[in-house]
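Worksheet for the structure shown next.
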Protein chains: 2
Amino acid sequence: MSATRPSGGGAEATSPTGASRPGSSAREAGAKAAPDKRRLILDAAVRVFARQGFHACRVADIADEAGVAYGLVYHYFGSKDEVLDTLFLERWGVMLELIREVDAEPLPVREKLRAIASFIIDSYRHDPDLMKVIIVEVTRAANSFGQTHLAQIREAYELIGRIVQQAQDDGVFKSEIEARFAAMAFYGVIEQLLTGWIFDLLPQGADEFEKAKSIVVETVCGGLEVAPVSDGTTSGNTLPR
Amino acid sequence: MSATRPSGGGAEATSPTGASRPGSSAREAGAKAAPDKRRLILDAAVRVFARQGFHACRVADIADEAGVAYGLVYHYFGSKDEVLDTLFLERWGVMLELIREVDAEPLPVREKLRAIASFIIDSYRHDPDLMKVIIVEVTRAANSFGQTHLAQIREAYELIGRIVQQAQDDGVFKSEIEARFAAMAFYGVIEQLLTGWIFDLLPQGADEFEKAKSIVVETVCGGLEVAPVSDGTTSGNTLPR
DNA sequence: CTGCATGTTGACTGACCAGTCAATCTATTC
DNA sequence: GAATAGATTGACTGGTCAGTCAACATGCAG
């Protein structure tokens with residue numbers, strides 16, 4: 001299984017930064033000039049995976065949805081798995097980059113976390129099917145795919161954890177709750193809200209999405225921030241560093 | 001699909017200890033209890049599903065793990081799906097009952113939510129494989145099974161939501177955050193912590209489990225409670241910071 | 001026009017596995 | 001001990017589907 005095809009190429013490169021651009025720049029040399037069937041297949045796969053689930057759909061369904069021949073899927077991708085891999089890595093890479101950028105900027109924790117929550121929620125708003133696929137088929141699929149991409153997923157948690165840690169060092173968040181755990185809690189709230197929308201258990205709409213961003217920040221930060229005024233007791237502050 | 005077997009009834013009995021018997025008839029104090037192959041198969045299935053995943057394992061794997069013949073699985077269960085259904089319904093039923101009991105008791109919200117978090121986390125501690133299967137294969141499987149058991153899952157969210165609503169009506173929680181959303185946030189934190197353990201992204205151990213319970217309550221309640229000091233009602237007693 | 005590379009097609013196959021079933025075993029009853 | 005009912009066995013089947021492949025199409029270069 002999973003015989004890695006060289007032809008597929010795709011997102012295997014170590015740099016997650018590069019969300020493989022469709023054709024734009026690659027066109028220049030004239031070597032390759034395709035109507036970007038590859039992208040067509042990926043987009044179709046998102047729809048099919050979201051509708052039927054990865055395991056329940058056939059490769060033929062993807063090809064049909066994309067309006068291409070069955071075999072073409074195997075021209076661009078080494079396997080059915082690789083299609084899903086590519087979708088996940090593409091999107092997850094963008095998210096990791098965003099988190100790194102946010103972390104680098106000099107903002108208060110609340111703002112940083114809000115930016116991350118906003119990004120994820122907006123990702124869902126912009127392409128619910130893709131987020132559904134990523135959450136349902138990868139993020140939680142402890143076996144097959146989750147295992148494969150554990151490193152990527154872990155990376156996200158660690159980056160968020162670092163932001164929390166920083167806030168603790170700065171004395172803005174209390175240190176009783178380990179940063180790792182807090183990061184998981186934060187991400188968990190976001191993912192659960194998306195799940196609620198995916199399953200149609202929560203109302204959707206521009207308003208709801210905006211409210212959700214506040215909820216995420218309010219609930220998590222509310223429980224993590226040191227008491228506002230009355231808590232002058234810890235005068236000395238936690239020692240820096 | 002899922003023609004419910006007469007025998008398969010499942011979760012209605014709800015005994016926390018979790019032991020259902022097939023030959024309900026004159027077996028009570030008699031000779032050695034039958035090896036209860038049905039239970040044997042269910043327990044084996046938990047291990048196999050946790051290890052290989054529902055889709056990746058074969059029915060033969062379950063039979064082998066249980067040490068019974070292939071056909072016996074189909075004597076007790078109508079299909080492979082039904083095995084998973086049964087496992088889920090059994091456990092989820094116990095949880096729903098627990099939540100209802102907790103809700104009925106006259107406790108402060110924090111206590112109620114802590115009891116629920118404790119139950120779920122202890123469930124994981126007691127049988128990690130089962131919780132892994134439920135979370136990975138059912139709770140998040142938007143397609144196949146999630147759809148089938150949406151009503152059960154929704155029920156849990158609604159019960160928790162009702163507890164939050166009550167707290168809001170009592171003025172303990174602020175009402176700016178809709179109860180449904182708060183309930184999802186609460187459950188999301190729990191499930192994400194379990195996921196962290198399942199994926200080995202968070203350290204495990206008795207200590208960690210206890211800390212986790214506090215984290216869940218702290219983070220979520222901390223963000224939902226109305227401003228602390230002014231509200232000297234209800235037995236005072238603010239937790240020491 | 002010829003030759004080569006790459007894009008595109010869809011019929012085919014080989015493996016895999018859920019579910020069936022007839023036979024066999026065990027316990028209970030009269 | 002014969003009859004009945006359920007428990008248990010495992011070989012077999014029918015359908016499904018991921019992945020292959022040989023052929024055809026298109027574009028470009030010399």
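Quick note on naming: the chains in the structure tokens go A, B, ... in the order shown, residues restart at 1 in each chain, and ligands are numbered from 1 in order of appearance.
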message: Env of DA22 of chain D: 12 Å cut, atoms = only C-alpha atoms (C1' of nucleotides), seq-sep filter 3 positions within chain, self excluded. Answer as a ChimeraX atom specification.
response: /C:9-12
Grab the residues selected above and save them as a tab-separated table (two decimals), in the first residue's frame with C-alpha atoms (C1' of nucleotides).
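Okay, result.tsv is ready:
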chain	number	residue	atom	x	y	z
C	9	DT	C1'	-8.62	7.77	-21.75
C	10	DG	C1'	-11.31	3.75	-19.84
C	11	DA	C1'	-11.44	-1.30	-19.93
C	12	DC	C1'	-9.46	-4.72	-17.27
task: Select residues of chain A: the criterion is any atom within 9 Å of an atom of chain D, counting only C-alpha atoms (C1' of nucleotides); output as JSON, numbers by chain.
output: {"A": [31, 58, 59, 74, 79, 80]}
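Within 8 Å of chain C, counting only C-alpha atoms (C1' of nucleotides), chain A contributes Ala69, Tyr70, Gly71 and Leu72 of chain A.
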query: Which chain B residues are at most 6 Å from chain A (counting only C-alpha atoms), as JSON, numbers by chain?
result: {"B": [53, 136, 140, 141, 143, 185, 188, 189, 192, 218, 219, 220, 222, 223]}
Got time to write the residues from that selection, N, CA and C atoms, as a tab-separated table (two decimals), in the first residue's frame?
chain	number	residue	atom	x	y	z
B	53	GLY	N	-8.32	0.40	13.66
B	53	GLY	CA	-9.34	1.25	13.08
B	53	GLY	C	-10.47	0.42	12.51
B	136	VAL	N	-12.93	8.42	17.88
B	136	VAL	CA	-12.36	8.41	16.54
B	136	VAL	C	-13.32	7.86	15.49
B	140	ARG	N	-16.68	11.66	15.66
B	140	ARG	CA	-16.19	12.56	14.62
B	140	ARG	C	-16.42	12.05	13.21
B	141	ALA	N	-16.98	10.89	13.10
B	141	ALA	CA	-17.18	10.33	11.77
B	141	ALA	C	-18.46	10.87	11.16
B	143	ASN	N	-19.76	11.06	8.50
B	143	ASN	CA	-20.52	10.30	7.53
B	143	ASN	C	-21.08	9.06	8.19
B	185	ALA	N	-18.29	24.21	23.69
B	185	ALA	CA	-16.94	24.56	24.11
B	185	ALA	C	-16.50	23.62	25.23
B	188	GLY	N	-15.93	20.24	23.90
B	188	GLY	CA	-14.78	20.28	23.01
B	188	GLY	C	-13.45	20.20	23.75
B	189	VAL	N	-13.38	20.89	24.87
B	189	VAL	CA	-12.14	20.84	25.66
B	189	VAL	C	-11.89	19.42	26.13
B	192	GLN	N	-10.88	17.10	23.28
B	192	GLN	CA	-9.54	17.39	22.77
B	192	GLN	C	-8.46	16.86	23.71
B	218	GLU	N	-11.89	24.95	35.08
B	218	GLU	CA	-11.29	26.28	35.22
B	218	GLU	C	-11.44	27.11	33.95
B	219	THR	N	-10.97	26.56	32.86
B	219	THR	CA	-10.97	27.33	31.63
B	219	THR	C	-12.38	27.73	31.22
B	220	VAL	N	-13.26	26.76	31.19
B	220	VAL	CA	-14.59	27.07	30.68
B	220	VAL	C	-15.39	27.93	31.68
B	222	GLY	N	-14.27	29.69	34.14
B	222	GLY	CA	-13.59	30.97	34.33
B	222	GLY	C	-14.04	32.01	33.33
B	223	GLY	N	-14.28	31.56	32.11
B	223	GLY	CA	-14.69	32.50	31.08
B	223	GLY	C	-16.18	32.77	31.07
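Between atom CA of Ala151 of chain A and atom CA of Ala117 of chain A there is a distance of 20.9 Å.
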Coordinates-based distance that separates atom CA of Ala45 of chain B from atom CA of Phe88 of chain B (Å, one decimal): 11.7 Å
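In this model, the gap between atom CA of Gln168 of chain B and atom CA of Glu101 of chain B comes to 19.8 Å.
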